[in-house]
>>> print(open('work_30.csv').read())   # CSV, C-alpha atoms and all ligand atoms
chain,number,residue,atom,x,y,z
A,1,MET,CA,-51.9,-56.8,-38.8
A,2,LYS,CA,-51.1,-58.3,-35.4
A,3,GLN,CA,-47.5,-57.3,-35.8
A,4,ILE,CA,-48.4,-53.8,-36.7
A,5,LEU,CA,-50.7,-53.6,-33.7
A,6,ALA,CA,-47.9,-54.9,-31.4
A,7,LEU,CA,-45.5,-52.3,-32.8
A,8,ILE,CA,-48.0,-49.5,-32.2
A,9,ALA,CA,-48.6,-50.8,-28.7
A,10,GLY,CA,-44.9,-50.9,-28.1
A,11,ALA,CA,-44.4,-47.4,-29.3
A,12,ILE,CA,-47.2,-46.1,-27.0
A,13,LEU,CA,-45.6,-48.0,-24.1
A,14,ILE,CA,-42.2,-46.4,-24.7
A,15,ALA,CA,-43.7,-43.0,-25.1
A,16,ALA,CA,-45.6,-43.4,-21.8
A,17,CYS,CA,-42.5,-44.6,-20.0
A,18,GLY,CA,-40.5,-41.7,-21.4
A,19,SER,CA,-42.9,-39.2,-20.0
A,20,GLU,CA,-43.6,-40.9,-16.7
A,21,GLU,CA,-40.2,-42.0,-15.6
A,22,ALA,CA,-37.3,-39.6,-15.9
A,23,GLU,CA,-34.4,-41.4,-17.5
A,24,ARG,CA,-30.7,-40.9,-17.2
A,25,SER,CA,-28.9,-39.1,-20.0
A,26,ALA,CA,-27.2,-41.2,-22.6
A,27,ASP,CA,-23.9,-41.1,-20.8
A,28,GLY,CA,-25.5,-42.4,-17.7
A,29,ARG,CA,-24.8,-39.2,-15.8
A,30,LEU,CA,-27.5,-38.0,-13.4
A,31,THR,CA,-28.8,-34.5,-13.8
A,32,VAL,CA,-30.3,-33.0,-10.6
A,33,GLY,CA,-31.9,-29.6,-10.2
A,34,PHE,CA,-31.4,-27.9,-6.8
A,35,SER,CA,-33.6,-25.0,-5.9
A,36,GLN,CA,-31.8,-23.3,-3.0
A,37,ILE,CA,-33.4,-20.6,-0.8
A,38,GLY,CA,-30.7,-18.0,-1.1
A,39,SER,CA,-27.5,-17.0,0.6
A,40,GLU,CA,-28.9,-15.3,3.7
A,41,SER,CA,-26.6,-16.9,6.2
A,42,GLY,CA,-23.1,-18.4,6.6
A,43,TRP,CA,-24.8,-21.7,7.2
A,44,ARG,CA,-26.7,-21.6,3.9
A,45,THR,CA,-23.5,-20.8,2.0
A,46,SER,CA,-21.8,-23.8,3.6
A,47,PHE,CA,-24.8,-26.0,2.8
A,48,THR,CA,-24.7,-24.8,-0.9
A,49,GLN,CA,-21.0,-25.6,-1.1
A,50,ALA,CA,-21.5,-29.0,0.6
A,51,VAL,CA,-24.2,-30.0,-2.0
A,52,GLN,CA,-22.1,-28.8,-4.9
A,53,SER,CA,-19.0,-30.7,-3.8
A,54,GLU,CA,-21.0,-33.8,-3.1
A,55,ALA,CA,-22.5,-33.6,-6.6
A,56,ARG,CA,-19.0,-33.2,-8.1
A,57,ASN,CA,-17.7,-36.2,-6.2
A,58,ARG,CA,-20.5,-38.3,-7.6
A,59,ASP,CA,-20.2,-37.0,-11.1
A,60,ILE,CA,-23.7,-35.7,-10.9
A,61,THR,CA,-24.6,-32.6,-13.1
A,62,LEU,CA,-26.1,-30.1,-10.7
A,63,ARG,CA,-28.4,-27.4,-12.0
A,64,PHE,CA,-28.3,-24.8,-9.3
A,65,SER,CA,-30.8,-22.0,-8.7
A,66,ASP,CA,-30.6,-19.4,-6.0
A,67,ALA,CA,-34.1,-18.0,-5.1
A,68,GLN,CA,-32.9,-15.0,-3.1
A,69,GLN,CA,-35.4,-15.9,-0.4
A,70,LYS,CA,-38.4,-15.7,-2.7
A,71,GLN,CA,-40.8,-18.6,-3.1
A,72,GLU,CA,-41.9,-17.4,-6.6
A,73,ASN,CA,-38.3,-17.7,-7.8
A,74,GLN,CA,-38.2,-21.3,-6.4
A,75,ILE,CA,-41.4,-22.2,-8.2
A,76,ARG,CA,-40.1,-20.8,-11.5
A,77,ALA,CA,-36.8,-22.7,-11.0
A,78,VAL,CA,-38.7,-26.0,-10.4
A,79,ARG,CA,-40.8,-25.5,-13.5
A,80,SER,CA,-37.7,-24.9,-15.5
A,81,PHE,CA,-36.1,-28.1,-14.1
A,82,ILE,CA,-39.2,-30.0,-15.2
A,83,ALA,CA,-39.1,-28.5,-18.7
A,84,GLN,CA,-35.4,-29.5,-18.9
A,85,GLY,CA,-36.3,-33.1,-18.0
A,86,VAL,CA,-33.9,-33.4,-15.1
A,87,ASP,CA,-33.7,-36.8,-13.4
A,88,ALA,CA,-34.6,-35.4,-9.9
A,89,ILE,CA,-35.2,-32.2,-8.1
A,90,ILE,CA,-34.0,-31.1,-4.7
A,91,ILE,CA,-35.9,-28.2,-3.0
A,92,ALA,CA,-34.9,-26.3,0.1
A,93,PRO,CA,-38.2,-24.5,0.6
A,94,VAL,CA,-38.1,-21.0,1.9
A,95,VAL,CA,-41.6,-21.2,3.5
A,96,GLU,CA,-43.9,-24.2,4.4
A,97,THR,CA,-47.0,-23.5,2.3
A,98,GLY,CA,-47.9,-23.2,-1.4
A,99,TRP,CA,-46.0,-26.1,-2.8
A,100,ARG,CA,-48.7,-28.6,-3.9
A,101,PRO,CA,-49.3,-27.3,-7.5
A,102,VAL,CA,-45.7,-27.3,-8.6
A,103,LEU,CA,-45.0,-30.7,-6.9
A,104,THR,CA,-48.0,-32.1,-8.7
A,105,GLU,CA,-46.4,-30.9,-12.0
A,106,ALA,CA,-43.2,-32.7,-11.1
A,107,GLN,CA,-45.1,-35.8,-10.2
A,108,ARG,CA,-46.9,-35.8,-13.5
A,109,ALA,CA,-43.6,-35.5,-15.3
A,110,GLY,CA,-42.3,-38.5,-13.3
A,111,ILE,CA,-39.5,-36.5,-11.6
A,112,PRO,CA,-38.8,-37.4,-8.0
A,113,VAL,CA,-38.5,-34.5,-5.6
A,114,VAL,CA,-36.4,-34.5,-2.4
A,115,ILE,CA,-37.2,-31.9,0.2
A,116,ILE,CA,-34.1,-30.8,2.0
A,117,ASP,CA,-33.4,-28.6,5.1
A,118,ARG,CA,-36.7,-26.8,5.7
A,119,ASN,CA,-40.1,-28.5,5.5
A,120,MET,CA,-43.2,-28.2,3.4
A,121,ALA,CA,-46.8,-28.4,4.7
A,122,LEU,CA,-48.2,-31.1,2.5
A,123,GLU,CA,-51.1,-33.4,3.1
A,124,ASP,CA,-50.2,-35.8,0.3
A,125,ASP,CA,-46.8,-37.4,1.0
A,126,SER,CA,-46.8,-39.1,-2.4
A,127,LEU,CA,-45.8,-35.7,-3.8
A,128,TYR,CA,-42.2,-36.1,-2.7
A,129,LEU,CA,-39.7,-39.0,-2.5
A,130,THR,CA,-38.2,-38.2,0.9
A,131,ARG,CA,-37.1,-35.3,3.2
A,132,VAL,CA,-33.6,-34.9,4.5
A,133,ALA,CA,-34.0,-32.7,7.6
A,134,SER,CA,-33.2,-32.0,11.2
A,135,ASP,CA,-35.8,-31.8,13.9
A,136,PHE,CA,-36.2,-28.0,14.3
A,137,VAL,CA,-38.5,-28.4,17.3
A,138,GLU,CA,-35.9,-30.3,19.1
A,139,GLU,CA,-33.3,-27.7,18.3
A,140,GLY,CA,-35.5,-25.1,19.9
A,141,ARG,CA,-35.9,-27.3,23.0
A,142,LYS,CA,-32.1,-27.9,23.3
A,143,ALA,CA,-31.5,-24.1,23.2
A,144,ALA,CA,-34.1,-23.5,25.8
A,145,ARG,CA,-32.9,-26.3,28.1
A,146,TRP,CA,-29.4,-24.9,28.1
A,147,LEU,CA,-30.7,-21.4,28.9
A,148,MET,CA,-33.0,-22.6,31.7
A,149,ASP,CA,-30.1,-24.6,33.2
A,150,GLU,CA,-27.8,-21.6,33.0
A,151,THR,CA,-30.2,-19.1,34.5
A,152,GLY,CA,-32.2,-21.3,36.9
A,153,GLY,CA,-35.2,-20.5,34.8
A,154,ASP,CA,-35.3,-16.8,35.7
A,155,CYS,CA,-34.8,-15.0,32.5
A,156,ALA,CA,-36.3,-12.2,30.4
A,157,ILE,CA,-35.6,-13.2,26.8
A,158,VAL,CA,-35.6,-11.3,23.6
A,159,GLU,CA,-36.2,-13.4,20.5
A,160,LEU,CA,-34.9,-12.9,16.9
A,161,GLN,CA,-37.1,-15.0,14.7
A,162,GLY,CA,-36.2,-16.5,11.3
A,163,THR,CA,-38.1,-15.9,8.1
A,164,VAL,CA,-41.9,-15.6,8.6
A,165,GLY,CA,-43.6,-18.8,7.4
A,166,ALA,CA,-40.3,-20.9,7.4
A,167,SER,CA,-40.5,-24.2,9.2
A,168,ALA,CA,-37.1,-23.6,10.7
A,169,ALA,CA,-38.5,-20.5,12.4
A,170,ILE,CA,-42.0,-21.9,13.3
A,171,ASP,CA,-40.6,-25.1,14.8
A,172,ARG,CA,-37.6,-23.7,16.6
A,173,MET,CA,-39.9,-21.2,18.3
A,174,SER,CA,-42.4,-23.8,19.3
A,175,GLY,CA,-39.7,-26.1,20.8
A,176,PHE,CA,-38.2,-23.3,22.7
A,177,ASN,CA,-41.5,-22.1,24.1
A,178,GLU,CA,-42.6,-25.6,25.0
A,179,VAL,CA,-39.6,-25.9,27.4
A,180,ILE,CA,-39.7,-22.4,28.9
A,181,ALA,CA,-43.5,-22.9,29.6
A,182,ASP,CA,-42.4,-25.0,32.6
A,183,TYR,CA,-40.5,-22.1,34.1
A,184,PRO,CA,-42.8,-19.4,35.5
A,185,ASN,CA,-40.0,-16.8,35.6
A,186,ALA,CA,-38.9,-17.3,32.1
A,187,ARG,CA,-40.6,-15.2,29.5
A,188,ILE,CA,-40.2,-13.8,26.0
A,189,VAL,CA,-40.3,-10.0,26.5
A,190,MET,CA,-39.8,-9.0,22.8
A,191,SER,CA,-39.8,-11.0,19.7
A,192,GLN,CA,-39.5,-10.0,16.0
A,193,THR,CA,-38.4,-11.5,12.7
A,194,ALA,CA,-34.9,-10.6,11.4
A,195,ASP,CA,-35.2,-12.9,8.4
A,196,PHE,CA,-32.3,-15.1,9.3
A,197,THR,CA,-29.8,-12.3,8.3
A,198,ARG,CA,-27.0,-10.6,10.2
A,199,THR,CA,-27.9,-7.1,9.2
A,200,ARG,CA,-31.5,-7.5,10.2
A,201,GLY,CA,-30.4,-9.2,13.4
A,202,LYS,CA,-28.3,-6.2,14.3
A,203,ASP,CA,-31.1,-3.7,13.4
A,204,ILE,CA,-33.8,-5.4,15.4
A,205,MET,CA,-31.4,-5.8,18.4
A,206,VAL,CA,-30.8,-2.0,18.2
A,207,THR,CA,-34.6,-1.4,18.5
A,208,PHE,CA,-34.8,-3.9,21.4
A,209,LEU,CA,-32.0,-2.2,23.3
A,210,ARG,CA,-33.7,1.1,22.9
A,211,ALA,CA,-37.2,-0.2,23.8
A,212,MET,CA,-36.1,-1.6,27.1
A,213,ASN,CA,-33.4,-1.1,29.7
A,214,PRO,CA,-30.6,-3.6,28.6
A,215,LYS,CA,-30.1,-4.4,32.3
A,216,ASP,CA,-33.5,-6.0,32.2
A,217,ILE,CA,-32.7,-8.3,29.3
A,218,CYS,CA,-31.2,-11.6,30.4
A,219,ALA,CA,-30.7,-13.4,27.1
A,220,VAL,CA,-31.0,-13.2,23.3
A,221,TRP,CA,-32.5,-16.3,21.7
A,222,ALA,CA,-31.9,-16.2,17.9
A,223,HIS,CA,-33.3,-18.7,15.5
A,224,ASN,CA,-29.9,-18.8,13.8
A,225,ASP,CA,-26.3,-17.8,14.5
A,226,GLU,CA,-26.3,-15.1,11.8
A,227,MET,CA,-28.9,-13.0,13.6
A,228,ALA,CA,-27.1,-13.7,16.9
A,229,LEU,CA,-23.9,-12.3,15.3
A,230,GLY,CA,-25.8,-9.2,14.2
A,231,ALA,CA,-27.2,-8.8,17.8
A,232,ILE,CA,-23.7,-9.1,19.2
A,233,ILE,CA,-22.6,-6.1,17.1
A,234,ALA,CA,-25.6,-4.1,18.3
A,235,MET,CA,-24.8,-4.9,21.9
A,236,LYS,CA,-21.2,-3.9,21.6
A,237,GLU,CA,-22.1,-0.6,20.0
A,238,ALA,CA,-24.5,0.0,22.8
A,239,GLY,CA,-21.9,-0.6,25.4
A,240,VAL,CA,-23.4,-3.9,26.6
A,241,ALA,CA,-21.2,-7.0,26.9
A,242,PRO,CA,-22.7,-9.8,24.9
A,243,GLY,CA,-22.2,-13.2,26.4
A,244,ARG,CA,-21.9,-11.7,29.9
A,245,ASP,CA,-24.4,-8.9,30.4
A,246,ILE,CA,-26.8,-10.6,28.0
A,247,LEU,CA,-26.5,-14.2,27.2
A,248,VAL,CA,-26.6,-15.3,23.6
A,249,VAL,CA,-28.0,-18.7,22.4
A,250,SER,CA,-28.7,-19.7,18.8
A,251,VAL,CA,-28.7,-22.5,16.2
A,252,ASP,CA,-26.5,-23.6,13.3
A,253,ALA,CA,-22.9,-23.9,14.7
A,254,VAL,CA,-21.2,-21.9,12.0
A,255,PRO,CA,-17.5,-21.1,12.4
A,256,ASP,CA,-18.2,-17.4,13.2
A,257,ILE,CA,-20.3,-18.3,16.2
A,258,PHE,CA,-17.5,-20.6,17.6
A,259,LYS,CA,-15.1,-17.6,17.2
A,260,ALA,CA,-17.7,-15.4,19.1
A,261,MET,CA,-18.0,-18.1,21.8
A,262,SER,CA,-14.3,-18.4,22.2
A,263,ASP,CA,-14.1,-14.6,22.6
A,264,GLY,CA,-16.8,-14.8,25.3
A,265,ASP,CA,-19.4,-12.9,23.1
A,266,ALA,CA,-21.8,-15.8,22.6
A,267,ASN,CA,-22.7,-18.7,24.9
A,268,ALA,CA,-24.3,-21.6,23.1
A,269,THR,CA,-25.3,-22.9,19.7
A,270,VAL,CA,-27.1,-26.0,18.5
A,271,GLU,CA,-25.5,-27.6,15.5
A,272,LEU,CA,-27.2,-28.1,12.2
A,273,SER,CA,-25.1,-30.1,9.8
A,274,PRO,CA,-24.8,-28.6,6.3
A,275,HIS,CA,-24.0,-32.1,5.0
A,276,MET,CA,-27.4,-33.1,3.7
A,277,GLY,CA,-26.5,-33.4,0.0
A,278,GLY,CA,-25.0,-36.9,0.4
A,279,PRO,CA,-28.1,-38.5,1.9
A,280,ALA,CA,-30.3,-36.7,-0.7
A,281,PHE,CA,-28.3,-38.0,-3.6
A,282,ASP,CA,-28.2,-41.5,-2.0
A,283,ALA,CA,-32.0,-41.5,-1.8
A,284,ILE,CA,-32.3,-40.4,-5.5
A,285,GLU,CA,-29.9,-43.0,-6.7
A,286,ALA,CA,-31.6,-45.7,-4.6
A,287,HIS,CA,-35.0,-44.7,-6.0
A,288,LEU,CA,-33.7,-44.7,-9.6
A,289,ARG,CA,-32.3,-48.2,-9.0
A,290,GLY,CA,-35.9,-49.2,-8.0
A,291,GLU,CA,-35.2,-49.4,-4.3
A,292,SER,CA,-37.6,-48.0,-1.7
A,293,VAL,CA,-36.6,-45.0,0.3
A,294,PRO,CA,-37.8,-43.9,3.8
A,295,LYS,CA,-40.0,-40.7,3.9
A,296,LEU,CA,-37.7,-39.0,6.4
A,297,ILE,CA,-33.9,-39.1,6.6
A,298,PRO,CA,-33.0,-37.3,9.9
A,299,VAL,CA,-30.0,-35.2,10.6
A,300,ASN,CA,-29.0,-34.7,14.3
A,301,GLY,CA,-27.0,-32.0,16.0
A,302,ASP,CA,-25.6,-31.4,19.5
A,303,LEU,CA,-25.4,-28.2,21.5
A,304,PHE,CA,-22.0,-26.5,21.9
A,305,THR,CA,-20.8,-24.0,24.6
A,306,GLN,CA,-17.8,-21.8,25.2
A,307,GLU,CA,-16.0,-24.7,26.9
A,308,THR,CA,-15.1,-26.3,23.6
A,309,ALA,CA,-15.5,-23.3,21.3
A,310,ALA,CA,-11.8,-22.5,20.6
A,311,GLU,CA,-11.0,-26.1,19.8
A,312,GLU,CA,-14.1,-26.4,17.6
A,313,TYR,CA,-13.3,-23.2,15.8
A,314,ARG,CA,-9.8,-24.5,15.1
A,315,ARG,CA,-11.1,-27.8,13.9
A,316,ARG,CA,-13.8,-26.4,11.7
A,317,THR,CA,-11.6,-23.8,10.0
A,318,SER,CA,-8.6,-26.1,9.5
A,319,GLY,CA,-10.5,-28.4,7.3
A,320,GLU,CA,-10.3,-31.2,9.8
A,321,ALA,CA,-14.0,-31.3,10.5
A,322,ARG,CA,-16.4,-32.6,7.9
A,401,LIG,O1,-30.7,-22.2,10.4
A,401,LIG,C1,-30.4,-20.5,8.8
A,401,LIG,C2,-30.8,-20.4,7.5
A,401,LIG,O2,-33.3,-23.4,7.1
A,401,LIG,C3,-32.5,-24.5,9.0
A,401,LIG,O3,-31.9,-21.2,7.3
A,401,LIG,C4,-32.3,-23.5,7.9
A,401,LIG,C5,-32.0,-22.1,8.4
A,401,LIG,C6,-30.6,-21.9,9.1
A,401,LIG,O4,-30.5,-19.5,6.7
A,401,LIG,O5,-29.1,-20.1,9.1
>>> encode(input="work_30.csv", output="structure tokens", more="lines below")
Ligand code: GYE
Amino acid sequence: MKQILALIAGAILIAACGSEEAERSADGRLTVGFSQIGSESGWRTSFTQAVQSEARNRDITLRFSDAQQKQENQIRAVRSFIAQGVDAIIIAPVVETGWRPVLTEAQRAGIPVVIIDRNMALEDDSLYLTRVASDFVEEGRKAARWLMDETGGDCAIVELQGTVGASAAIDRMSGFNEVIADYPNARIVMSQTADFTRTRGKDIMVTFLRAMNPKDICAVWAHNDEMALGAIIAMKEAGVAPGRDILVVSVDAVPDIFKAMSDGDANATVELSPHMGGPAFDAIEAHLRGESVPKLIPVNGDLFTQETAAEEYRRRTSGEAR
């Protein structure tokens, strides 16, 4: 009888472990689900490719899902990763809010979640393993400090905001505004979302240039390079010289903006590294080995200007840069 009881207890224990702790597949290969926001910008495409190649290098099976900028698609993808019993899930969240229910489901299934790139607004930090992210507030500050130095703080700024509700937009805006608040002659004269895309950036800039005399605009502050590149097209079509008549400052540091800077059409960009897959996989692997992982793995980036743009463009398009 005792033996039978022990056997039953053992079976219950194994079943419990199986449902609580995700286990590696029989061949020892990790399977990781990656819910990506979309392909709205050149930066995001580089980021997707960087995660995919990092997974290949580590022999990790990556289940990739592109949400086309829609949170409901991301939630659906995460539920399907949970149903498939992946070993871990990486989420680049399109917006900050609305994640608690699906993260609770992942937690109940014993699947660790890594938040990457943008942030989630969560009260309970036990719902995720770690975040791999840059400090978007600081990126906004860096862009503003550069612009204030360049203009002596006297500048009428038009702003192209990222996706509404995205941490990258909210935080970049607040960092930028915090710095310009110290300059009485610096002000945002028009501000609108262009959803982090080039086409919307162009369209919104067209409306800005119609709404106000371009001569009265000192600078475009775009929450990403892609929208800045769209604004550059709009300015050229309107007979305004971007980078000269109107300064252009943005974030990401994609190759196209280095080209625009070396042509004199853009002025400054704050780098956001797309190489966040490595640290995310490191954290997952460490966690599955039973090691503890910090709650934040920071990624830092510098500001670049026209001075080094041609050289950076060459470096970044020749495969020299990582
Ligand atoms: O700057 C932009 C994008 O979330 C920080 O999203 C990211 C932003 C990035 O598509 O290009």
>>> atom_distance(input="work_30.csv", atom1="atom CA of Asp135 of chain A", atom2="atom CA of Gly42 of chain A")
19.9 Å
>>> residues_around(input="work_30.csv", residues="Leu272 of chain A", least_positions_apart="4", cutoff="12 Å", atoms="all atoms listed in the file", output="ChimeraX atom specification")
/A:42-44,46-47,117-118,133-136,138-140,168,223-225,250-255,276,298-304
>>> residues_around(input="work_30.csv", residues="Ala310 of chain A", least_positions_apart="5", cutoff="8 Å", atoms="only C-alpha atoms", output="number ranges by chain")
A: 258-259, 261-262
>>> closest_residue(input="work_30.csv", among="A:Thr31, A:Thr45, A:Gln84, A:Ser167", to="Glu96 of chain A", atoms="all atoms listed in the file")
A:Ser167
>>> residues_near_point(input="work_30.csv", point="(-29.7, -22.8, 26.9)", cutoff="9 Å", atoms="only C-alpha atoms", output="PDB file with C-alpha atoms, keeping the file's coordinate frame")
ATOM      1  CA  ARG A 141     -35.900 -27.300  23.000  1.00  0.00           C
ATOM      2  CA  LYS A 142     -32.100 -27.900  23.300  1.00  0.00           C
ATOM      3  CA  ALA A 143     -31.500 -24.100  23.200  1.00  0.00           C
ATOM      4  CA  ALA A 144     -34.100 -23.500  25.800  1.00  0.00           C
ATOM      5  CA  ARG A 145     -32.900 -26.300  28.100  1.00  0.00           C
ATOM      6  CA  TRP A 146     -29.400 -24.900  28.100  1.00  0.00           C
ATOM      7  CA  LEU A 147     -30.700 -21.400  28.900  1.00  0.00           C
ATOM      8  CA  MET A 148     -33.000 -22.600  31.700  1.00  0.00           C
ATOM      9  CA  ASP A 149     -30.100 -24.600  33.200  1.00  0.00           C
ATOM     10  CA  GLU A 150     -27.800 -21.600  33.000  1.00  0.00           C
ATOM     11  CA  THR A 151     -30.200 -19.100  34.500  1.00  0.00           C
ATOM     12  CA  TRP A 221     -32.500 -16.300  21.700  1.00  0.00           C
ATOM     13  CA  VAL A 248     -26.600 -15.300  23.600  1.00  0.00           C
ATOM     14  CA  VAL A 249     -28.000 -18.700  22.400  1.00  0.00           C
ATOM     15  CA  SER A 250     -28.700 -19.700  18.800  1.00  0.00           C
ATOM     16  CA  ASN A 267     -22.700 -18.700  24.900  1.00  0.00           C
ATOM     17  CA  ALA A 268     -24.300 -21.600  23.100  1.00  0.00           C
ATOM     18  CA  THR A 269     -25.300 -22.900  19.700  1.00  0.00           C
ATOM     19  CA  LEU A 303     -25.400 -28.200  21.500  1.00  0.00           C
TER      20      LEU A 303
END
>>> atom_distance(input="work_30.csv", atom1="atom CA of Pro93 of chain A", atom2="atom CA of Leu288 of chain A")
23.1 Å
>>> build_atoms(input="work_30.csv", residues="segment 71-79 of chain A", atoms="all heavy atoms", output="short mmCIF file (atom, residue, chain, number, x, y, z; two decimals), in the frame of the given file")
data_model
loop_
_atom_site.label_atom_id
_atom_site.label_comp_id
_atom_site.auth_asym_id
_atom_site.auth_seq_id
_atom_site.Cartn_x
_atom_site.Cartn_y
_atom_site.Cartn_z
N GLN A 71 -40.20 -17.38 -2.71
CA GLN A 71 -40.80 -18.60 -3.10
C GLN A 71 -41.15 -18.60 -4.63
O GLN A 71 -41.03 -19.60 -5.32
CB GLN A 71 -42.12 -18.87 -2.34
CG GLN A 71 -42.74 -20.22 -2.68
CD GLN A 71 -44.01 -20.49 -1.89
OE1 GLN A 71 -44.77 -19.57 -1.59
NE2 GLN A 71 -44.23 -21.74 -1.55
N GLU A 72 -41.58 -17.42 -5.16
CA GLU A 72 -41.90 -17.40 -6.60
C GLU A 72 -40.73 -17.75 -7.46
O GLU A 72 -40.87 -18.39 -8.49
CB GLU A 72 -42.61 -16.09 -7.01
CG GLU A 72 -41.74 -14.85 -6.93
CD GLU A 72 -42.04 -13.99 -5.69
OE1 GLU A 72 -42.37 -14.56 -4.63
OE2 GLU A 72 -41.94 -12.76 -5.79
N ASN A 73 -39.54 -17.36 -7.02
CA ASN A 73 -38.30 -17.70 -7.80
C ASN A 73 -38.10 -19.23 -7.73
O ASN A 73 -37.64 -19.85 -8.69
CB ASN A 73 -37.10 -17.00 -7.24
CG ASN A 73 -37.14 -15.51 -7.49
OD1 ASN A 73 -37.92 -15.05 -8.33
ND2 ASN A 73 -36.34 -14.75 -6.78
N GLN A 74 -38.42 -19.82 -6.57
CA GLN A 74 -38.20 -21.30 -6.40
C GLN A 74 -39.19 -22.02 -7.36
O GLN A 74 -38.82 -22.99 -8.02
CB GLN A 74 -38.46 -21.72 -4.99
CG GLN A 74 -37.42 -21.17 -4.05
CD GLN A 74 -37.26 -22.02 -2.81
OE1 GLN A 74 -38.04 -21.88 -1.87
NE2 GLN A 74 -36.28 -22.90 -2.78
N ILE A 75 -40.43 -21.55 -7.39
CA ILE A 75 -41.40 -22.20 -8.20
C ILE A 75 -41.04 -22.13 -9.70
O ILE A 75 -41.10 -23.11 -10.44
CB ILE A 75 -42.84 -21.65 -7.94
CG1 ILE A 75 -43.26 -22.07 -6.52
CG2 ILE A 75 -43.87 -22.12 -8.98
CD1 ILE A 75 -44.55 -21.49 -6.01
N ARG A 76 -40.54 -20.95 -10.07
CA ARG A 76 -40.10 -20.80 -11.50
C ARG A 76 -38.92 -21.73 -11.75
O ARG A 76 -38.86 -22.35 -12.81
CB ARG A 76 -39.64 -19.32 -11.66
CG ARG A 76 -39.86 -18.85 -13.07
CD ARG A 76 -39.62 -17.36 -13.25
NE ARG A 76 -40.44 -16.53 -12.40
CZ ARG A 76 -39.97 -15.58 -11.58
NH1 ARG A 76 -38.67 -15.34 -11.50
NH2 ARG A 76 -40.79 -14.86 -10.86
N ALA A 77 -38.00 -21.85 -10.83
CA ALA A 77 -36.80 -22.70 -11.00
C ALA A 77 -37.28 -24.18 -11.18
O ALA A 77 -36.81 -24.91 -12.07
CB ALA A 77 -35.87 -22.60 -9.87
N VAL A 78 -38.22 -24.60 -10.33
CA VAL A 78 -38.70 -26.00 -10.40
C VAL A 78 -39.35 -26.26 -11.74
O VAL A 78 -39.12 -27.29 -12.38
CB VAL A 78 -39.61 -26.33 -9.20
CG1 VAL A 78 -40.23 -27.71 -9.36
CG2 VAL A 78 -38.84 -26.23 -7.89
N ARG A 79 -40.15 -25.31 -12.20
CA ARG A 79 -40.80 -25.50 -13.50
C ARG A 79 -39.77 -25.58 -14.61
O ARG A 79 -39.92 -26.38 -15.53
CB ARG A 79 -41.74 -24.30 -13.80
CG ARG A 79 -42.92 -24.29 -12.86
CD ARG A 79 -44.19 -23.69 -13.48
NE ARG A 79 -45.32 -24.06 -12.66
CZ ARG A 79 -46.03 -23.21 -11.90
NH1 ARG A 79 -45.77 -21.92 -11.93
NH2 ARG A 79 -47.03 -23.66 -11.16
#
